[in-house]
Amino acid sequence: MTARKGPRDLDVLAVIALGGGIGSIARYGLSRAMPTPAGGFPWATFVTNVVGCAVLGALMYLVLEVWPPSRYRRPFLGVGICGGFTTFSTAVVESRGLLAGGHAGTAFAYLAGSLFAGLAAVAAGAALARLSGRARRPRGHEEPGPGAEPVPATGPTEGRQ
């Protein structure tokens with residue numbers, strides 16, 4: 001059984017659309033600043049996706065572990081801005097174009113590099129946020145000392161965004 005979407009959910013869709021517009025404009029700006037010559041490595045899309053992965057890794061740690069719950073934060077920042085900014089579908093289309101143009105080595109390097117750099121960027125972004133988040137962790141999120149019983153979190157955690 002699926003939950004029915006009501007008018008209340010339109011507000012979340014609106015913040016996703018707003019964030020998606022912002023992310024897409026940023027991606028367009030980067031692609032204009034870093035044009036790709038025919039048969040060349042698509043640096044703009046590569047940089048866009050790797051930066052987006054790092055931001056998403058950091059963001060998910062901060063949203064889930066540091067910042068207080070919010071109905072709009074994750075949809076706006078994660079789905080909207082990061083979703084509009086990153087473009088792995090463009091990476092696949094560009095790789096296909098490189099293959100069709102006889103640049104198989106560049107296409108393979110681009111796809112493999114995008115995958116591995118993206119995964120490393122997610123881990124690095126989350127690790128940097130974790131280091132940063134420890135210094136600014138809100139009250140109630142303190143780590144128990146050695147041998148101490150963990151204190152259960154207070155307040156609702158379902159639907160945390």
# chains A, B, ... in the order shown; residues from 1 in each chain; ligands from 1
$ residues_around --residues "Ile22 of chain A" --least-positions-apart "4" --cutoff "8 Å" --atoms "only C-alpha atoms" --output "ChimeraX atom specification"
/A:18,26,80-81,84-85
$ closest_residue --among "A:Ala54, A:Ala14, A:Leu64, A:Ala109" --to "Ala121 of chain A" --atoms "only C-alpha atoms"
A:Ala54
$ residues_around --residues "Ala44 of chain A" --least-positions-apart "3" --cutoff "8 Å" --atoms "only C-alpha atoms" --output "ChimeraX atom specification"
/A:30-31,33-36,47-48
$ write_last_selection --atoms "C-alpha atoms" --output "short mmCIF file (atom, residue, chain, number, x, y, z; two decimals), in the first residue's frame"
data_model
loop_
_atom_site.label_atom_id
_atom_site.label_comp_id
_atom_site.auth_asym_id
_atom_site.auth_seq_id
_atom_site.Cartn_x
_atom_site.Cartn_y
_atom_site.Cartn_z
CA LEU A 30 30.74 25.80 -15.02
CA SER A 31 30.19 24.21 -18.43
CA ALA A 33 33.63 28.43 -18.15
CA MET A 34 35.25 25.12 -19.15
CA PRO A 35 34.25 24.27 -22.75
CA THR A 36 35.25 20.85 -24.06
CA VAL A 47 34.60 18.49 -12.09
CA THR A 48 30.88 19.10 -11.65
#
$ atom_distance --atom1 "atom CA of Asn49 of chain A" --atom2 "atom CA of Asp9 of chain A"
28.6 Å
$ residues_around --residues "Val50 of chain A" --least-positions-apart "3" --cutoff "10 Å" --atoms "only C-alpha atoms" --output "compact mmCIF listing (two decimals) with all heavy atoms, in the first residue's frame"
# COMPACT_ATOMS: atom_id res chain seq x y z
N THR A 45 32.14 18.57 -16.89
CA THR A 45 31.22 17.59 -16.33
C THR A 45 31.92 16.76 -15.27
O THR A 45 31.34 16.45 -14.22
CB THR A 45 30.64 16.68 -17.43
OG1 THR A 45 30.06 17.50 -18.44
CG2 THR A 45 29.59 15.75 -16.88
N PHE A 46 33.17 16.41 -15.51
CA PHE A 46 33.94 15.64 -14.53
C PHE A 46 34.05 16.41 -13.22
O PHE A 46 33.74 15.88 -12.14
CB PHE A 46 35.33 15.32 -15.09
CG PHE A 46 36.18 14.49 -14.17
CD1 PHE A 46 36.03 13.13 -14.12
CD2 PHE A 46 37.13 15.10 -13.36
CE1 PHE A 46 36.81 12.36 -13.25
CE2 PHE A 46 37.92 14.35 -12.51
CZ PHE A 46 37.76 12.97 -12.45
N VAL A 47 34.46 17.66 -13.29
CA VAL A 47 34.60 18.49 -12.09
C VAL A 47 33.24 18.68 -11.41
O VAL A 47 33.13 18.58 -10.18
CB VAL A 47 35.25 19.85 -12.44
CG1 VAL A 47 35.15 20.84 -11.29
CG2 VAL A 47 36.71 19.65 -12.85
N CYS A 53 29.60 15.20 -5.74
CA CYS A 53 29.71 14.02 -4.86
C CYS A 53 30.31 14.41 -3.51
O CYS A 53 29.83 13.95 -2.46
CB CYS A 53 30.57 12.95 -5.53
SG CYS A 53 29.74 12.07 -6.85
N ALA A 54 31.33 15.23 -3.51
CA ALA A 54 31.94 15.66 -2.24
C ALA A 54 30.94 16.45 -1.40
O ALA A 54 30.81 16.23 -0.19
CB ALA A 54 33.19 16.50 -2.52
N VAL A 55 30.23 17.36 -2.05
CA VAL A 55 29.23 18.17 -1.33
C VAL A 55 28.13 17.27 -0.78
O VAL A 55 27.70 17.42 0.37
CB VAL A 55 28.66 19.27 -2.24
CG1 VAL A 55 27.45 19.93 -1.63
CG2 VAL A 55 29.74 20.30 -2.56
N LEU A 56 27.68 16.31 -1.58
CA LEU A 56 26.62 15.41 -1.13
C LEU A 56 27.08 14.54 0.03
O LEU A 56 26.32 14.30 0.98
CB LEU A 56 26.13 14.55 -2.29
CG LEU A 56 24.81 13.84 -2.09
CD1 LEU A 56 23.70 14.81 -1.72
CD2 LEU A 56 24.43 13.08 -3.34
N THR A 86 24.78 17.99 -10.30
CA THR A 86 25.47 16.83 -10.85
C THR A 86 24.75 16.32 -12.08
O THR A 86 23.56 16.52 -12.25
CB THR A 86 25.57 15.69 -9.81
OG1 THR A 86 24.26 15.34 -9.38
CG2 THR A 86 26.43 16.11 -8.62
N GLY A 113 37.32 7.25 -14.37
CA GLY A 113 37.71 8.36 -13.50
C GLY A 113 36.53 8.97 -12.79
O GLY A 113 36.60 9.30 -11.60
N SER A 114 35.41 9.12 -13.49
CA SER A 114 34.21 9.69 -12.88
C SER A 114 33.71 8.80 -11.75
O SER A 114 33.33 9.28 -10.68
CB SER A 114 33.10 9.87 -13.92
OG SER A 114 33.46 10.84 -14.87
N LEU A 115 33.68 7.49 -11.98
CA LEU A 115 33.21 6.55 -10.97
C LEU A 115 34.11 6.58 -9.74
O LEU A 115 33.63 6.79 -8.62
CB LEU A 115 33.15 5.14 -11.55
CG LEU A 115 32.83 4.03 -10.55
CD1 LEU A 115 31.42 4.20 -10.00
CD2 LEU A 115 33.00 2.67 -11.19
N PHE A 116 35.40 6.38 -9.93
CA PHE A 116 36.31 6.28 -8.78
C PHE A 116 36.51 7.62 -8.08
O PHE A 116 36.53 7.69 -6.85
CB PHE A 116 37.64 5.65 -9.19
CG PHE A 116 37.48 4.20 -9.57
CD1 PHE A 116 37.70 3.79 -10.87
CD2 PHE A 116 37.06 3.26 -8.64
CE1 PHE A 116 37.53 2.46 -11.24
CE2 PHE A 116 36.89 1.92 -8.99
CZ PHE A 116 37.12 1.52 -10.29
N ALA A 117 36.62 8.68 -8.84
CA ALA A 117 36.77 10.01 -8.22
C ALA A 117 35.49 10.40 -7.49
O ALA A 117 35.54 11.00 -6.41
CB ALA A 117 37.13 11.06 -9.27
N GLY A 118 34.33 10.05 -8.05
CA GLY A 118 33.07 10.34 -7.38
C GLY A 118 32.93 9.60 -6.06
O GLY A 118 32.53 10.19 -5.05
N LEU A 119 33.26 8.32 -6.05
CA LEU A 119 33.19 7.55 -4.80
C LEU A 119 34.18 8.09 -3.77
O LEU A 119 33.84 8.22 -2.58
CB LEU A 119 33.47 6.07 -5.08
CG LEU A 119 32.38 5.32 -5.84
CD1 LEU A 119 32.86 3.93 -6.23
CD2 LEU A 119 31.12 5.24 -5.01
N ALA A 120 35.38 8.40 -4.20
CA ALA A 120 36.37 8.97 -3.28
C ALA A 120 35.91 10.33 -2.76
O ALA A 120 36.11 10.66 -1.59
CB ALA A 120 37.73 9.10 -3.98
N ALA A 121 35.27 11.12 -3.61
CA ALA A 121 34.81 12.44 -3.21
C ALA A 121 33.69 12.34 -2.18
O ALA A 121 33.64 13.14 -1.22
CB ALA A 121 34.34 13.23 -4.43
N VAL A 122 32.78 11.38 -2.32
CA VAL A 122 31.72 11.19 -1.32
C VAL A 122 32.36 10.86 0.03
O VAL A 122 32.00 11.45 1.07
CB VAL A 122 30.74 10.07 -1.73
CG1 VAL A 122 29.83 9.68 -0.58
CG2 VAL A 122 29.91 10.51 -2.92
$ select_by_dssp --residues "segment 21-160 of chain A" --states "helix (DSSP H, G or I)" --output "PyMOL selection string"
chain A and resi 21-33+43-66+73-85+88-100+104-135
$ atom_distance --atom1 "atom CA of Gly39 of chain A" --atom2 "atom CA of Cys82 of chain A"
27.4 Å
$ closest_residue --among "A:Pro75, A:Gly52, A:Pro42, A:Gly29" --to "Gly97 of chain A" --atoms "only C-alpha atoms"
A:Pro42
$ residues_around --residues "Leu111 of chain A" --least-positions-apart "3" --cutoff "8 Å" --atoms "only C-alpha atoms" --output "number ranges by chain"
A: 91-92, 95, 107-108, 114-115
$ atom_distance --atom1 "atom CA of Ala127 of chain A" --atom2 "atom CA of Phe76 of chain A"
22.0 Å
$ closest_residue --among "A:Pro68, A:Gly83, A:Gly125, A:Gly57" --to "Gly23 of chain A" --atoms "only C-alpha atoms"
A:Gly83
$ decode --residues "segment 120-131 of chain A" --atoms "all heavy atoms" --output "PDB file, in the first residue's frame"
ATOM      1  N   ALA A 120      35.384   8.404  -4.202  1.00  0.00           N
ATOM      2  CA  ALA A 120      36.374   8.971  -3.279  1.00  0.00           C
ATOM      3  C   ALA A 120      35.913  10.328  -2.765  1.00  0.00           C
ATOM      4  O   ALA A 120      36.108  10.661  -1.589  1.00  0.00           O
ATOM      5  CB  ALA A 120      37.730   9.097  -3.979  1.00  0.00           C
ATOM      6  N   ALA A 121      35.272  11.117  -3.614  1.00  0.00           N
ATOM      7  CA  ALA A 121      34.809  12.442  -3.206  1.00  0.00           C
ATOM      8  C   ALA A 121      33.691  12.344  -2.176  1.00  0.00           C
ATOM      9  O   ALA A 121      33.638  13.138  -1.224  1.00  0.00           O
ATOM     10  CB  ALA A 121      34.338  13.233  -4.428  1.00  0.00           C
ATOM     11  N   VAL A 122      32.779  11.379  -2.324  1.00  0.00           N
ATOM     12  CA  VAL A 122      31.721  11.186  -1.315  1.00  0.00           C
ATOM     13  C   VAL A 122      32.356  10.860   0.034  1.00  0.00           C
ATOM     14  O   VAL A 122      32.003  11.451   1.065  1.00  0.00           O
ATOM     15  CB  VAL A 122      30.739  10.071  -1.733  1.00  0.00           C
ATOM     16  CG1 VAL A 122      29.825   9.677  -0.579  1.00  0.00           C
ATOM     17  CG2 VAL A 122      29.908  10.509  -2.921  1.00  0.00           C
ATOM     18  N   ALA A 123      33.311   9.930   0.029  1.00  0.00           N
ATOM     19  CA  ALA A 123      33.972   9.546   1.286  1.00  0.00           C
ATOM     20  C   ALA A 123      34.742  10.721   1.874  1.00  0.00           C
ATOM     21  O   ALA A 123      34.685  10.954   3.090  1.00  0.00           O
ATOM     22  CB  ALA A 123      34.907   8.363   1.030  1.00  0.00           C
ATOM     23  N   ALA A 124      35.450  11.468   1.044  1.00  0.00           N
ATOM     24  CA  ALA A 124      36.223  12.615   1.532  1.00  0.00           C
ATOM     25  C   ALA A 124      35.302  13.703   2.067  1.00  0.00           C
ATOM     26  O   ALA A 124      35.575  14.292   3.122  1.00  0.00           O
ATOM     27  CB  ALA A 124      37.108  13.174   0.417  1.00  0.00           C
ATOM     28  N   GLY A 125      34.222  13.976   1.369  1.00  0.00           N
ATOM     29  CA  GLY A 125      33.272  14.991   1.834  1.00  0.00           C
ATOM     30  C   GLY A 125      32.664  14.618   3.174  1.00  0.00           C
ATOM     31  O   GLY A 125      32.560  15.453   4.077  1.00  0.00           O
ATOM     32  N   ALA A 126      32.270  13.356   3.319  1.00  0.00           N
ATOM     33  CA  ALA A 126      31.698  12.899   4.592  1.00  0.00           C
ATOM     34  C   ALA A 126      32.743  12.957   5.705  1.00  0.00           C
ATOM     35  O   ALA A 126      32.440  13.373   6.835  1.00  0.00           O
ATOM     36  CB  ALA A 126      31.143  11.487   4.444  1.00  0.00           C
ATOM     37  N   ALA A 127      33.987  12.564   5.403  1.00  0.00           N
ATOM     38  CA  ALA A 127      35.046  12.591   6.415  1.00  0.00           C
ATOM     39  C   ALA A 127      35.352  14.022   6.862  1.00  0.00           C
ATOM     40  O   ALA A 127      35.513  14.284   8.053  1.00  0.00           O
ATOM     41  CB  ALA A 127      36.310  11.921   5.875  1.00  0.00           C
ATOM     42  N   LEU A 128      35.418  14.940   5.910  1.00  0.00           N
ATOM     43  CA  LEU A 128      35.670  16.342   6.271  1.00  0.00           C
ATOM     44  C   LEU A 128      34.523  16.917   7.097  1.00  0.00           C
ATOM     45  O   LEU A 128      34.746  17.649   8.066  1.00  0.00           O
ATOM     46  CB  LEU A 128      35.899  17.184   5.021  1.00  0.00           C
ATOM     47  CG  LEU A 128      37.225  16.957   4.307  1.00  0.00           C
ATOM     48  CD1 LEU A 128      37.253  17.715   2.992  1.00  0.00           C
ATOM     49  CD2 LEU A 128      38.384  17.372   5.197  1.00  0.00           C
ATOM     50  N   ALA A 129      33.309  16.585   6.734  1.00  0.00           N
ATOM     51  CA  ALA A 129      32.156  17.058   7.508  1.00  0.00           C
ATOM     52  C   ALA A 129      32.162  16.451   8.904  1.00  0.00           C
ATOM     53  O   ALA A 129      31.824  17.122   9.884  1.00  0.00           O
ATOM     54  CB  ALA A 129      30.860  16.717   6.788  1.00  0.00           C
ATOM     55  N   ARG A 130      32.550  15.189   8.996  1.00  0.00           N
ATOM     56  CA  ARG A 130      32.617  14.527  10.296  1.00  0.00           C
ATOM     57  C   ARG A 130      33.635  15.227  11.187  1.00  0.00           C
ATOM     58  O   ARG A 130      33.366  15.496  12.354  1.00  0.00           O
ATOM     59  CB  ARG A 130      32.978  13.055  10.104  1.00  0.00           C
ATOM     60  CG  ARG A 130      32.825  12.209  11.340  1.00  0.00           C
ATOM     61  CD  ARG A 130      32.999  10.716  11.051  1.00  0.00           C
ATOM     62  NE  ARG A 130      31.929  10.232  10.193  1.00  0.00           N
ATOM     63  CZ  ARG A 130      32.096   9.790   8.953  1.00  0.00           C
ATOM     64  NH1 ARG A 130      33.297   9.754   8.412  1.00  0.00           N
ATOM     65  NH2 ARG A 130      31.081   9.372   8.233  1.00  0.00           N
ATOM     66  N   LEU A 131      34.792  15.561  10.622  1.00  0.00           N
ATOM     67  CA  LEU A 131      35.803  16.282  11.397  1.00  0.00           C
ATOM     68  C   LEU A 131      35.287  17.655  11.811  1.00  0.00           C
ATOM     69  O   LEU A 131      35.448  18.074  12.953  1.00  0.00           O
ATOM     70  CB  LEU A 131      37.088  16.440  10.581  1.00  0.00           C
ATOM     71  CG  LEU A 131      37.894  15.177  10.362  1.00  0.00           C
ATOM     72  CD1 LEU A 131      39.031  15.455   9.389  1.00  0.00           C
ATOM     73  CD2 LEU A 131      38.414  14.629  11.670  1.00  0.00           C
TER      74      LEU A 131
END
